$ cat upload.cif   # mmCIF, C-alpha atoms
data_start
#
loop_
_atom_site.label_atom_id
_atom_site.label_comp_id
_atom_site.auth_asym_id
_atom_site.auth_seq_id
_atom_site.Cartn_x
_atom_site.Cartn_y
_atom_site.Cartn_z
CA MET A 39 -4.31 -6.26 -17.92
CA ARG A 40 -5.75 -2.90 -16.94
CA LEU A 41 -3.30 -0.35 -15.56
CA GLY A 42 -5.51 0.81 -12.67
CA PRO A 43 -5.50 -2.43 -10.64
CA VAL A 44 -1.76 -2.84 -11.22
CA LEU A 45 -0.93 0.62 -9.89
CA LEU A 46 -3.28 0.27 -6.94
CA ALA A 47 -1.77 -3.14 -6.13
CA TYR A 48 1.69 -1.58 -6.11
CA ALA A 49 0.44 1.21 -3.83
CA ALA A 50 -1.06 -1.43 -1.52
CA PHE A 51 2.31 -3.18 -1.20
CA ILE A 52 4.02 0.15 -0.54
CA ALA A 53 1.47 0.67 2.24
CA LEU A 54 2.14 -2.87 3.48
CA GLY A 55 5.87 -2.22 3.75
CA MET A 56 5.77 1.21 5.41
CA PRO A 57 4.75 0.08 8.94
CA ASP A 58 7.49 -2.58 8.94
CA GLY A 59 10.10 0.15 8.64
CA LEU A 60 8.86 2.14 11.64
CA LEU A 61 9.30 0.01 14.74
CA GLY A 62 13.08 -0.43 14.68
CA ILE A 63 13.70 3.32 14.73
CA ALA A 64 10.78 4.27 16.97
CA TRP A 65 11.46 1.57 19.58
CA PRO A 66 14.17 3.32 21.68
CA THR A 67 11.87 6.32 22.21
CA MET A 68 8.68 4.29 22.35
CA ARG A 69 9.89 1.98 25.12
CA VAL A 70 10.90 4.97 27.25
CA ASP A 71 7.42 6.48 26.83
CA PHE A 72 5.76 3.26 27.94
CA GLY A 73 8.37 2.43 30.58
CA VAL A 74 9.11 -1.07 29.30
CA PRO A 75 12.47 -2.91 28.96
CA LEU A 76 14.44 -3.36 25.76
CA ASP A 77 13.17 -6.86 25.06
CA ALA A 78 9.48 -5.94 25.47
CA VAL A 79 9.38 -5.43 21.71
CA GLY A 80 8.99 -9.21 21.50
CA MET A 81 5.48 -8.94 22.98
CA LEU A 82 4.42 -6.53 20.24
CA LEU A 83 6.00 -8.63 17.51
CA ILE A 84 4.36 -11.83 18.72
CA ALA A 85 0.97 -10.11 18.98
CA ALA A 86 1.31 -8.86 15.41
CA VAL A 87 2.32 -12.26 14.07
CA VAL A 88 -0.67 -13.92 15.75
CA GLY A 89 -2.95 -11.56 13.86
CA TYR A 90 -0.95 -11.93 10.66
CA MET A 91 -1.00 -15.73 10.64
CA THR A 92 -4.71 -15.81 11.50
CA SER A 93 -5.81 -13.54 8.66
CA SER A 94 -3.38 -15.14 6.19
CA PHE A 95 -4.79 -18.58 7.01
CA LEU A 96 -8.38 -17.35 6.54
CA SER A 97 -7.71 -15.14 3.54
CA GLY A 98 -8.83 -17.71 0.96
CA THR A 99 -12.20 -18.15 2.67
CA LEU A 100 -12.64 -14.40 3.12
CA VAL A 101 -11.75 -13.59 -0.48
CA GLY A 102 -14.08 -16.32 -1.73
CA ARG A 103 -16.97 -14.98 0.32
CA PHE A 104 -16.55 -11.21 0.13
CA GLY A 105 -14.25 -10.64 -2.84
CA VAL A 106 -10.69 -9.40 -2.83
CA GLY A 107 -11.69 -5.71 -3.05
CA GLN A 108 -13.73 -5.75 0.14
CA VAL A 109 -11.12 -7.78 1.99
CA LEU A 110 -8.38 -5.34 1.02
CA ALA A 111 -10.49 -2.32 1.96
CA VAL A 112 -11.31 -3.67 5.42
CA SER A 113 -7.74 -4.86 5.96
CA CYS A 114 -6.23 -1.46 5.18
CA MET A 115 -8.78 0.13 7.52
CA LEU A 116 -7.77 -2.26 10.32
CA THR A 117 -4.08 -1.54 9.80
CA GLY A 118 -4.65 2.22 9.78
CA ALA A 119 -6.78 2.06 12.92
CA ALA A 120 -4.11 0.07 14.76
CA LEU A 121 -1.24 2.36 13.73
CA VAL A 122 -3.11 5.51 14.72
CA GLY A 123 -4.37 3.76 17.86
CA TYR A 124 -0.77 3.14 18.94
CA THR A 125 -0.35 6.89 19.34
CA PHE A 126 -3.29 7.36 21.71
CA VAL A 127 -3.22 4.36 24.07
CA PRO A 128 -1.87 5.15 27.55
CA THR A 129 -0.61 1.69 28.55
CA TRP A 130 1.65 -0.96 27.04
CA TRP A 131 -0.86 -3.82 27.17
CA MET A 132 -3.25 -1.76 25.01
CA MET A 133 -0.52 -1.27 22.42
CA VAL A 134 0.20 -5.00 22.39
CA SER A 135 -3.52 -5.66 21.87
CA LEU A 136 -3.55 -3.28 18.91
CA GLY A 137 -0.60 -5.24 17.52
CA VAL A 138 -2.98 -8.14 16.90
CA VAL A 139 -5.26 -5.81 14.92
CA ALA A 140 -2.32 -4.50 12.88
CA GLY A 141 -1.30 -8.08 12.13
CA LEU A 142 -4.82 -9.02 11.05
CA GLY A 143 -4.85 -6.17 8.55
CA ALA A 144 -1.34 -6.77 7.20
CA GLY A 145 -1.83 -10.52 6.82
CA ALA A 146 -5.02 -10.15 4.83
CA VAL A 147 -3.52 -7.50 2.55
CA ASP A 148 -0.41 -9.62 1.94
CA ALA A 149 -2.25 -12.86 1.26
CA GLY A 150 -5.18 -11.29 -0.58
CA MET A 151 -3.01 -9.20 -2.88
CA ASN A 152 -0.68 -12.09 -3.63
CA THR A 153 -3.64 -14.31 -4.43
CA TYR A 154 -4.99 -11.75 -6.88
CA ALA A 155 -1.56 -11.16 -8.41
CA ALA A 156 -0.93 -14.87 -8.90
CA ALA A 157 -4.22 -15.17 -10.78
CA HIS A 158 -4.09 -12.00 -12.88
CA PHE A 159 -0.52 -10.64 -13.13
CA GLY A 160 2.33 -11.91 -15.23
CA GLU A 161 5.65 -12.91 -13.70
CA GLY A 162 7.24 -9.51 -14.37
CA LEU A 163 4.41 -7.62 -12.70
CA VAL A 164 4.63 -9.88 -9.64
CA GLN A 165 8.36 -9.12 -9.30
CA TRP A 166 7.63 -5.40 -9.31
CA LEU A 167 4.81 -5.96 -6.81
CA HIS A 168 7.31 -7.31 -4.28
CA ALA A 169 9.73 -4.52 -5.11
CA SER A 170 6.94 -2.12 -4.13
CA TYR A 171 7.03 -3.59 -0.64
CA GLY A 172 10.71 -2.67 -0.55
CA ILE A 173 9.84 0.91 -1.49
CA GLY A 174 7.37 1.04 1.40
CA ILE A 175 9.79 -0.37 3.95
CA THR A 176 12.39 2.14 2.73
CA LEU A 177 10.02 5.08 3.15
CA GLY A 178 9.05 3.99 6.67
CA PRO A 179 12.44 4.74 8.30
CA ILE A 180 12.63 8.09 6.50
CA ILE A 181 9.21 9.10 7.80
CA ILE A 182 9.83 8.02 11.40
CA THR A 183 13.36 9.48 11.48
CA THR A 184 12.04 12.84 10.27
CA ALA A 185 9.26 12.73 12.86
CA LEU A 186 11.75 12.00 15.65
CA THR A 187 14.52 14.39 14.70
CA THR A 188 12.39 17.31 13.50
CA PHE A 189 9.28 17.04 15.70
CA ASP A 190 10.61 14.83 18.53
CA SER A 191 7.60 12.54 18.15
CA TRP A 192 7.37 8.90 17.07
CA ARG A 193 3.60 9.28 17.23
CA LEU A 194 3.53 11.70 14.30
CA GLY A 195 5.31 9.15 12.10
CA TYR A 196 2.81 6.43 12.99
CA ARG A 197 -0.12 8.77 12.36
CA LEU A 198 1.19 9.69 8.91
CA VAL A 199 1.62 6.04 7.91
CA GLY A 200 -1.74 5.17 9.46
CA GLY A 201 -3.33 7.94 7.42
CA PHE A 202 -1.90 6.43 4.24
CA GLN A 203 -3.55 3.13 5.16
CA PHE A 204 -6.90 4.91 5.44
CA LEU A 205 -6.39 6.43 1.99
CA MET A 206 -5.71 2.97 0.59
CA ALA A 207 -8.89 1.67 2.23
CA LEU A 208 -10.90 4.41 0.53
CA ALA A 209 -9.20 3.68 -2.78
CA PHE A 210 -10.28 0.04 -2.58
CA VAL A 211 -13.82 1.04 -1.62
CA PHE A 212 -14.13 3.30 -4.65
CA THR A 213 -12.66 0.68 -7.01
CA LEU A 214 -14.49 -2.46 -5.86
CA SER A 215 -15.57 -3.19 -9.44
CA TRP A 216 -11.91 -3.50 -10.49
CA TRP A 217 -11.34 -6.52 -8.26
CA SER A 218 -14.11 -8.78 -9.48
CA ASP A 219 -12.98 -12.19 -10.73
CA GLN A 220 -11.33 -12.04 -14.14
CA ARG A 221 -10.30 -15.39 -15.54
CA ARG A 222 -7.39 -15.72 -17.90
CA PRO A 223 -8.28 -17.04 -21.33
CA ALA A 224 -7.80 -20.77 -21.66
CA THR A 225 -4.86 -21.88 -23.74
CA GLU A 226 -5.26 -24.44 -26.47
CA GLY A 227 -3.74 -27.91 -26.29
CA PRO A 228 -2.56 -29.89 -23.28
CA GLN A 229 -1.24 -27.86 -20.38
CA GLU A 230 1.80 -28.66 -18.30
CA LYS A 231 0.94 -30.05 -14.88
CA LYS A 232 1.30 -27.33 -12.25
CA LEU A 233 2.40 -27.61 -8.66
CA THR A 234 -1.16 -27.12 -7.49
CA ASP A 235 -2.34 -30.06 -9.62
CA TYR A 236 -0.64 -32.51 -7.28
CA LYS A 237 -2.92 -33.71 -4.49
CA THR A 238 -0.24 -35.04 -2.17
CA PRO A 239 -1.63 -35.65 1.34
CA MET A 240 -0.27 -33.30 3.98
CA GLY A 241 0.54 -36.31 6.14
CA GLU A 242 2.99 -37.55 3.50
CA THR A 243 4.53 -34.10 3.20
CA VAL A 244 5.21 -33.59 6.90
CA ARG A 245 6.97 -36.96 7.14
CA GLN A 246 9.73 -35.82 4.75
CA PRO A 247 12.86 -34.47 6.50
CA ARG A 248 13.78 -32.39 3.45
CA VAL A 249 10.46 -30.55 3.77
CA TRP A 250 11.36 -29.46 7.28
CA LEU A 251 14.81 -28.41 6.08
CA SER A 252 13.10 -26.19 3.54
CA VAL A 253 10.75 -24.79 6.16
CA ALA A 254 13.71 -24.06 8.45
CA LEU A 255 15.35 -22.03 5.68
CA PHE A 256 12.37 -19.66 5.64
CA LEU A 257 12.14 -19.42 9.41
CA LEU A 258 15.80 -18.45 9.74
CA TYR A 259 16.00 -16.27 6.64
CA VAL A 260 13.01 -14.09 7.53
CA GLY A 261 14.28 -13.87 11.09
CA ALA A 262 17.63 -12.56 9.85
CA GLU A 263 16.05 -10.11 7.41
CA VAL A 264 13.71 -8.59 9.99
CA SER A 265 16.23 -8.64 12.85
CA LEU A 266 18.69 -6.27 11.22
CA GLY A 267 15.86 -3.98 10.16
CA ILE A 268 14.54 -3.81 13.74
CA TRP A 269 17.78 -3.70 15.72
CA ALA A 270 20.16 -1.77 13.46
CA TYR A 271 19.02 1.63 14.73
CA SER A 272 19.29 0.64 18.39
CA LEU A 273 22.73 -0.91 17.78
CA LEU A 274 24.03 2.18 16.02
CA THR A 275 22.64 4.79 18.42
CA GLU A 276 22.74 3.08 21.83
CA SER A 277 25.86 0.94 21.44
CA ARG A 278 28.00 2.71 18.84
CA GLY A 279 27.14 6.34 19.52
CA ILE A 280 26.01 7.27 16.01
CA GLU A 281 23.87 10.41 15.74
CA PRO A 282 20.14 9.52 15.49
CA ARG A 283 19.48 11.19 12.13
CA LEU A 284 22.45 9.42 10.53
CA ALA A 285 21.48 6.12 12.15
CA GLY A 286 17.98 6.51 10.75
CA LEU A 287 19.38 7.08 7.27
CA LEU A 288 21.62 4.03 7.65
CA THR A 289 18.63 1.91 8.62
CA GLY A 290 16.73 3.31 5.66
CA SER A 291 19.66 2.46 3.40
CA TYR A 292 19.29 -1.18 4.45
CA TRP A 293 15.77 -1.34 3.05
CA ALA A 294 16.69 0.87 0.10
CA MET A 295 19.41 -1.51 -1.02
CA PHE A 296 17.04 -4.39 -0.32
CA THR A 297 14.65 -2.85 -2.84
CA VAL A 298 17.37 -2.15 -5.41
CA GLY A 299 18.68 -5.70 -5.07
CA ARG A 300 15.24 -7.19 -5.61
CA ILE A 301 14.63 -5.09 -8.72
CA LEU A 302 18.00 -5.99 -10.23
CA ALA A 303 17.63 -9.67 -9.35
CA GLY A 304 14.80 -9.94 -11.83
CA LEU A 305 17.27 -9.10 -14.59
CA TYR A 306 19.97 -11.68 -13.83
CA ALA A 307 18.30 -14.45 -11.79
CA LYS A 308 17.55 -16.69 -14.80
CA ARG A 309 21.04 -16.30 -16.24
CA ILE A 310 22.97 -17.36 -13.15
CA GLY A 311 20.48 -19.91 -11.77
CA ILE A 312 18.66 -20.19 -8.47
CA ASN A 313 21.31 -22.20 -6.62
CA THR A 314 24.16 -19.87 -7.50
CA LEU A 315 21.97 -16.89 -6.64
CA VAL A 316 21.06 -18.18 -3.18
CA VAL A 317 24.55 -19.37 -2.23
CA GLY A 318 26.19 -16.21 -3.56
CA SER A 319 23.67 -13.98 -1.78
CA LEU A 320 24.10 -15.78 1.53
CA ALA A 321 27.89 -15.62 1.23
CA LEU A 322 27.77 -11.87 0.54
CA ALA A 323 25.32 -11.33 3.41
CA LEU A 324 27.67 -13.26 5.71
CA SER A 325 30.53 -10.97 4.66
CA GLY A 326 28.43 -7.91 5.49
CA ALA A 327 27.45 -9.33 8.89
CA LEU A 328 31.09 -10.10 9.69
CA LEU A 329 32.05 -6.52 8.79
CA LEU A 330 29.29 -5.18 11.04
CA TRP A 331 30.61 -7.37 13.88
CA TRP A 332 34.24 -6.34 13.29
CA ASN A 333 33.44 -2.61 12.89
CA PRO A 334 37.01 -1.57 12.12
CA PHE A 335 36.17 2.05 11.25
CA PRO A 336 33.04 4.29 11.41
CA MET A 337 32.07 3.92 7.75
CA ALA A 338 32.10 0.15 8.17
CA ASN A 339 28.61 0.38 9.65
CA LEU A 340 27.23 1.96 6.47
CA ILE A 341 29.07 -0.47 4.21
CA ALA A 342 27.94 -3.47 6.23
CA VAL A 343 24.28 -2.46 6.35
CA VAL A 344 24.22 -1.71 2.63
CA VAL A 345 25.95 -4.98 1.73
CA VAL A 346 23.58 -7.10 3.81
CA GLY A 347 20.51 -5.31 2.46
CA PHE A 348 21.59 -5.75 -1.15
CA ALA A 349 22.73 -9.34 -0.65
CA ILE A 350 19.60 -10.75 0.94
CA ALA A 351 17.13 -9.12 -1.47
CA PRO A 352 16.77 -12.00 -3.96
CA ILE A 353 16.90 -14.84 -1.43
CA PHE A 354 13.21 -15.07 -0.49
CA PRO A 355 11.78 -15.24 -4.04
CA ALA A 356 14.62 -17.55 -5.10
CA LEU A 357 13.85 -19.92 -2.24
CA ILE A 358 10.19 -19.92 -3.25
CA SER A 359 11.07 -20.68 -6.88
CA GLY A 360 13.46 -23.46 -5.89
CA THR A 361 11.07 -25.29 -3.57
CA SER A 362 10.37 -28.07 -6.06
CA GLN A 363 14.11 -28.61 -6.55
CA ARG A 364 14.60 -29.10 -2.82
CA VAL A 365 11.59 -31.29 -2.00
CA GLY A 366 10.27 -32.62 -5.32
CA VAL A 367 7.44 -31.37 -7.49
CA HIS A 368 4.80 -33.56 -5.85
CA LEU A 369 5.55 -32.07 -2.40
CA ALA A 370 6.12 -28.48 -3.47
CA ALA A 371 2.60 -27.05 -3.10
CA ASN A 372 2.18 -28.25 0.49
CA THR A 373 5.72 -27.21 1.35
CA ILE A 374 5.23 -23.68 0.03
CA GLY A 375 2.22 -23.29 2.31
CA MET A 376 4.26 -24.47 5.30
CA GLN A 377 7.11 -22.13 4.38
CA MET A 378 4.83 -19.11 4.27
CA ALA A 379 3.25 -20.06 7.58
CA VAL A 380 6.60 -19.93 9.43
CA THR A 381 7.68 -16.56 8.04
CA GLY A 382 5.63 -14.82 10.69
CA LEU A 383 7.22 -16.94 13.41
CA GLY A 384 10.70 -16.14 12.15
CA ALA A 385 9.89 -12.43 11.97
CA SER A 386 8.79 -12.38 15.61
CA LEU A 387 10.72 -15.06 17.48
CA ILE A 388 14.25 -14.36 16.24
CA PRO A 389 14.18 -10.55 16.73
CA SER A 390 12.59 -11.19 20.15
CA LEU A 391 15.42 -13.58 21.05
CA ILE A 392 17.95 -10.96 20.03
CA GLY A 393 16.16 -8.50 22.32
CA VAL A 394 16.49 -10.90 25.26
CA LEU A 395 20.19 -11.45 24.52
CA ALA A 396 20.79 -7.71 24.06
CA ARG A 397 19.22 -6.99 27.44
CA ARG A 398 21.28 -9.70 29.14
CA PHE A 399 24.58 -8.88 27.45
CA SER A 400 24.64 -5.90 25.04
CA LEU A 401 23.36 -4.77 21.67
CA GLU A 402 26.62 -5.98 20.18
CA VAL A 403 25.05 -9.44 20.05
CA VAL A 404 23.09 -8.29 16.98
CA PRO A 405 25.87 -8.82 14.40
CA ILE A 406 27.01 -11.99 16.18
CA VAL A 407 23.55 -13.54 15.84
CA LEU A 408 23.37 -12.44 12.19
CA VAL A 409 26.67 -14.17 11.44
CA ALA A 410 25.39 -17.35 13.10
CA LEU A 411 22.12 -17.17 11.14
CA PHE A 412 23.79 -16.72 7.74
CA LEU A 413 26.30 -19.51 8.45
CA THR A 414 23.44 -21.82 9.45
CA LEU A 415 21.44 -20.86 6.37
CA LEU A 416 24.39 -21.69 4.12
CA GLY A 417 24.79 -25.08 5.75
CA LEU A 418 21.08 -25.91 5.71
CA TYR A 419 20.72 -24.84 2.08
CA ARG A 420 23.57 -27.05 0.94
CA LEU A 421 22.11 -29.90 2.98
CA ALA A 422 18.66 -29.35 1.50
CA MET A 423 20.00 -29.29 -2.07
CA THR A 424 22.69 -32.01 -2.00
CA PRO A 425 20.46 -35.11 -1.81
CA ARG A 426 17.89 -33.93 -4.35
CA ALA A 427 19.49 -35.49 -7.44
CA ALA A 428 19.83 -38.93 -5.88
CA GLU A 429 16.33 -38.80 -4.39
CA GLU A 430 14.79 -37.66 -7.66
CA THR A 431 16.48 -40.51 -9.53
CA ALA A 432 15.16 -42.99 -6.99
CA HIS A 433 11.67 -41.46 -7.23
CA VAL A 434 11.63 -41.67 -11.05
CA ALA A 435 12.96 -45.23 -11.00
#
$ encode --input "upload.cif" --output "structure tokens"
Amino acid sequence: MRLGPVLLAYAAFIALGMPDGLLGIAWPTMRVDFGVPLDAVGMLLIAAVVGYMTSSFLSGTLVGRFGVGQVLAVSCMLTGAALVGYTFVPTWWMMVSLGVVAGLGAGAVDAGMNTYAAAHFGEGLVQWLHASYGIGITLGPIIITTALTTFDSWRLGYRLVGGFQFLMALAFVFTLSWWSDQRRPATEGPQEKKLTDYKTPMGETVRQPRVWLSVALFLLYVGAEVSLGIWAYSLLTESRGIEPRLAGLLTGSYWAMFTVGRILAGLYAKRIGINTLVVGSLALALSGALLLWWNPFPMANLIAVVVVGFAIAPIFPALISGTSQRVGVHLAANTIGMQMAVTGLGASLIPSLIGVLARRFSLEVVPIVLVALFLTLLGLYRLAMTPRAAEETAHVA
């Protein structure tokens, strides 16, 4: 594998993560500038997820027709245009409209890059690819916090990140030849049947309750992950009186520990097993959420945010890897597609719901909802895993 495409792929995932770390910190200032209520962030999130799901769904067709290099170049250009456009539009509805464009760009980059990585990268390189996203989403809060505290401008932060997207677009344009189809050499002898070799009808898949349990895990998990990233800054500054620069660093520490946890998980995941990893991670995340709710002393906020960020890091890839254990090998391919489709819904609907509750009651609902989410995830995961052995025996018999 050539080094150039690997490094550029990592840079692309850093670029993909950076915008996701901006909104939570920029939102308190942004909503004042546009004169919109606290829960209006839901409109922007839903607009972005509409674009994201659309481009993700069409990514296979687009890559097949134009090639992954061109798709990535155009996608980065769209994302950059939307981020910079945010800083110039005078009205809220225009910003929401640009959210669709940002989602279109992000979805195509995510799906297109993952498709290429699955075909050309080894397992270790793919793990580091997703860790690169964590680096990007860690840098985002640092950039926007610096822009706010030093220059009193959220717009500067968005322009800097948008500019990086434009640089990535140019990089893909100048390296189009790198992304042409490269097939792996065929191995000798019979090959083990892969998940994608099963041609199970979608109708059969959607009739299985355990499939929907698995889908629900992804909906709730991604909702919990994104919710703390978006609402932590508002909770700390507007409800708990923490100084903005420190609150920005705390929010950044959430994504930093998320990145560290994902990198380290690659070293111990196989030794402890997927089930132990998921249950242990959810239990630790629940402990962190309870501490954030309790808030017995000022440093508890830092400890809680760090604990949750570190704990949840390995959950998403572990849930992906364990799909066949939960639903059966013959249903796994269809189920994985359904799981990925609902991640965008979880990332928009659950943070939006928290915004509605925060406006009606207070921002202190944030840790309460997180506790409820992690408790539900623990229960659903145990429910999804418990019947597998008996069902598999029946299926084999």
$ atom_distance --input "upload.cif" --atom1 "atom CA of A:Tyr271" --atom2 "atom CA of A:Tyr90"
24.5 Å
$ resolve_selection --input "upload.cif" --expression "the PyMOL selection byres ((chain A and resi 285-295) around 6)" --output "mmCIF file with C-alpha atoms, keeping the file's coordinate frame"
data_model
loop_
_atom_site.group_PDB
_atom_site.id
_atom_site.type_symbol
_atom_site.label_atom_id
_atom_site.label_comp_id
_atom_site.auth_asym_id
_atom_site.auth_seq_id
_atom_site.Cartn_x
_atom_site.Cartn_y
_atom_site.Cartn_z
ATOM 1 C CA THR A 176 12.390 2.140 2.730
ATOM 2 C CA PRO A 179 12.440 4.740 8.300
ATOM 3 C CA THR A 183 13.360 9.480 11.480
ATOM 4 C CA TYR A 271 19.020 1.630 14.730
ATOM 5 C CA PRO A 282 20.140 9.520 15.490
ATOM 6 C CA ARG A 283 19.480 11.190 12.130
ATOM 7 C CA LEU A 284 22.450 9.420 10.530
ATOM 8 C CA PHE A 296 17.040 -4.390 -0.320
ATOM 9 C CA THR A 297 14.650 -2.850 -2.840
ATOM 10 C CA VAL A 298 17.370 -2.150 -5.410
ATOM 11 C CA GLY A 299 18.680 -5.700 -5.070
ATOM 12 C CA VAL A 343 24.280 -2.460 6.350
ATOM 13 C CA VAL A 344 24.220 -1.710 2.630
ATOM 14 C CA GLY A 347 20.510 -5.310 2.460
ATOM 15 C CA PHE A 348 21.590 -5.750 -1.150
#
$ atom_distance --input "upload.cif" --atom1 "atom CA of A:Leu121" --atom2 "atom CA of A:Ser135"
11.7 Å
$ atom_distance --input "upload.cif" --atom1 "atom CA of A:Val138" --atom2 "atom CA of A:Leu208"
22.1 Å
$ residues_around --input "upload.cif" --residues "A:Leu413" --least-positions-apart "2" --cutoff "12 Å" --atoms "all atoms listed in the file" --output "list in words"
Leu255, Leu258, Tyr259, Ala262, Val317, Ser319, Leu320, Ala321, Leu322, Ala323, Leu324, Ser325, Ala327, Leu328, Ile406, Val407, Leu408, Val409, Ala410, Leu411, Leu415, Leu416, Gly417, Leu418, Tyr419 and Arg420 of chain A
$ write_last_selection --input "upload.cif" --atoms "C-alpha atoms" --output "PDB file, keeping the file's coordinate frame"
ATOM      1  CA  LEU A 255      15.350 -22.030   5.680  1.00  0.00           C
ATOM      2  CA  LEU A 258      15.800 -18.450   9.740  1.00  0.00           C
ATOM      3  CA  TYR A 259      16.000 -16.270   6.640  1.00  0.00           C
ATOM      4  CA  ALA A 262      17.630 -12.560   9.850  1.00  0.00           C
ATOM      5  CA  VAL A 317      24.550 -19.370  -2.230  1.00  0.00           C
ATOM      6  CA  SER A 319      23.670 -13.980  -1.780  1.00  0.00           C
ATOM      7  CA  LEU A 320      24.100 -15.780   1.530  1.00  0.00           C
ATOM      8  CA  ALA A 321      27.890 -15.620   1.230  1.00  0.00           C
ATOM      9  CA  LEU A 322      27.770 -11.870   0.540  1.00  0.00           C
ATOM     10  CA  ALA A 323      25.320 -11.330   3.410  1.00  0.00           C
ATOM     11  CA  LEU A 324      27.670 -13.260   5.710  1.00  0.00           C
ATOM     12  CA  SER A 325      30.530 -10.970   4.660  1.00  0.00           C
ATOM     13  CA  ALA A 327      27.450  -9.330   8.890  1.00  0.00           C
ATOM     14  CA  LEU A 328      31.090 -10.100   9.690  1.00  0.00           C
ATOM     15  CA  ILE A 406      27.010 -11.990  16.180  1.00  0.00           C
ATOM     16  CA  VAL A 407      23.550 -13.540  15.840  1.00  0.00           C
ATOM     17  CA  LEU A 408      23.370 -12.440  12.190  1.00  0.00           C
ATOM     18  CA  VAL A 409      26.670 -14.170  11.440  1.00  0.00           C
ATOM     19  CA  ALA A 410      25.390 -17.350  13.100  1.00  0.00           C
ATOM     20  CA  LEU A 411      22.120 -17.170  11.140  1.00  0.00           C
ATOM     21  CA  LEU A 415      21.440 -20.860   6.370  1.00  0.00           C
ATOM     22  CA  LEU A 416      24.390 -21.690   4.120  1.00  0.00           C
ATOM     23  CA  GLY A 417      24.790 -25.080   5.750  1.00  0.00           C
ATOM     24  CA  LEU A 418      21.080 -25.910   5.710  1.00  0.00           C
ATOM     25  CA  TYR A 419      20.720 -24.840   2.080  1.00  0.00           C
ATOM     26  CA  ARG A 420      23.570 -27.050   0.940  1.00  0.00           C
TER      27      ARG A 420
END
$ resolve_selection --input "upload.cif" --expression "the PyMOL selection byres ((chain A and resi 303) around 12)" --output "PyMOL selection string"
chain A and resi 162+165-166+168-169+295-302+304-312+315-316+319+348-356
$ resolve_selection --input "upload.cif" --expression "the PyMOL selection byres ((chain A and resi 43) around 12)" --output "PDB file with C-alpha atoms, in the coordinates of the input"
ATOM      1  CA  MET A  39      -4.310  -6.260 -17.920  1.00  0.00           C
ATOM      2  CA  ARG A  40      -5.750  -2.900 -16.940  1.00  0.00           C
ATOM      3  CA  LEU A  41      -3.300  -0.350 -15.560  1.00  0.00           C
ATOM      4  CA  GLY A  42      -5.510   0.810 -12.670  1.00  0.00           C
ATOM      5  CA  VAL A  44      -1.760  -2.840 -11.220  1.00  0.00           C
ATOM      6  CA  LEU A  45      -0.930   0.620  -9.890  1.00  0.00           C
ATOM      7  CA  LEU A  46      -3.280   0.270  -6.940  1.00  0.00           C
ATOM      8  CA  ALA A  47      -1.770  -3.140  -6.130  1.00  0.00           C
ATOM      9  CA  TYR A  48       1.690  -1.580  -6.110  1.00  0.00           C
ATOM     10  CA  ALA A  49       0.440   1.210  -3.830  1.00  0.00           C
ATOM     11  CA  ALA A  50      -1.060  -1.430  -1.520  1.00  0.00           C
ATOM     12  CA  VAL A 106     -10.690  -9.400  -2.830  1.00  0.00           C
ATOM     13  CA  GLY A 107     -11.690  -5.710  -3.050  1.00  0.00           C
ATOM     14  CA  MET A 151      -3.010  -9.200  -2.880  1.00  0.00           C
ATOM     15  CA  TYR A 154      -4.990 -11.750  -6.880  1.00  0.00           C
ATOM     16  CA  ALA A 155      -1.560 -11.160  -8.410  1.00  0.00           C
ATOM     17  CA  HIS A 158      -4.090 -12.000 -12.880  1.00  0.00           C
ATOM     18  CA  PHE A 159      -0.520 -10.640 -13.130  1.00  0.00           C
ATOM     19  CA  LEU A 163       4.410  -7.620 -12.700  1.00  0.00           C
ATOM     20  CA  LEU A 167       4.810  -5.960  -6.810  1.00  0.00           C
ATOM     21  CA  ALA A 209      -9.200   3.680  -2.780  1.00  0.00           C
ATOM     22  CA  PHE A 210     -10.280   0.040  -2.580  1.00  0.00           C
ATOM     23  CA  PHE A 212     -14.130   3.300  -4.650  1.00  0.00           C
ATOM     24  CA  THR A 213     -12.660   0.680  -7.010  1.00  0.00           C
ATOM     25  CA  LEU A 214     -14.490  -2.460  -5.860  1.00  0.00           C
ATOM     26  CA  SER A 215     -15.570  -3.190  -9.440  1.00  0.00           C
ATOM     27  CA  TRP A 216     -11.910  -3.500 -10.490  1.00  0.00           C
ATOM     28  CA  TRP A 217     -11.340  -6.520  -8.260  1.00  0.00           C
ATOM     29  CA  SER A 218     -14.110  -8.780  -9.480  1.00  0.00           C
ATOM     30  CA  GLN A 220     -11.330 -12.040 -14.140  1.00  0.00           C
TER      31      GLN A 220
END
$ residues_near_point --input "upload.cif" --point "(13.8, -31.9, 5.5)" --cutoff "12 Å" --atoms "only C-alpha atoms" --output "ChimeraX atom specification"
/A:243-255,361,364-366,369,373,377,418-426
$ residues_near_point --input "upload.cif" --point "(24.2, -1.8, 12.4)" --cutoff "9 Å" --atoms "only C-alpha atoms" --output "list in words"
Leu266, Gly267, Trp269, Ala270, Tyr271, Ser272, Leu273, Leu274, Arg278, Ala285, Leu288, Thr289, Ala327, Leu330, Trp331, Asn339, Leu340, Ala342, Val343, Val404 and Pro405 of chain A
$ residues_around --input "upload.cif" --residues "A:Met81" --least-positions-apart "5" --cutoff "12 Å" --atoms "only C-alpha atoms" --output "number ranges by chain"
A: 69, 74-76, 86-88, 130-138, 386-387, 389-391, 393-394
$ closest_residue --input "upload.cif" --among "A:Ser277, A:Thr381, A:Gln363, A:Ser170" --to "A:Glu263" --atoms "all atoms listed in the file"
A:Thr381
$ residues_around --input "upload.cif" --residues "A:Ala385" --least-positions-apart "3" --cutoff "6 Å" --atoms "all atoms listed in the file" --output "list in words"
Val260, Gly261, Val264 and Gly382 of chain A
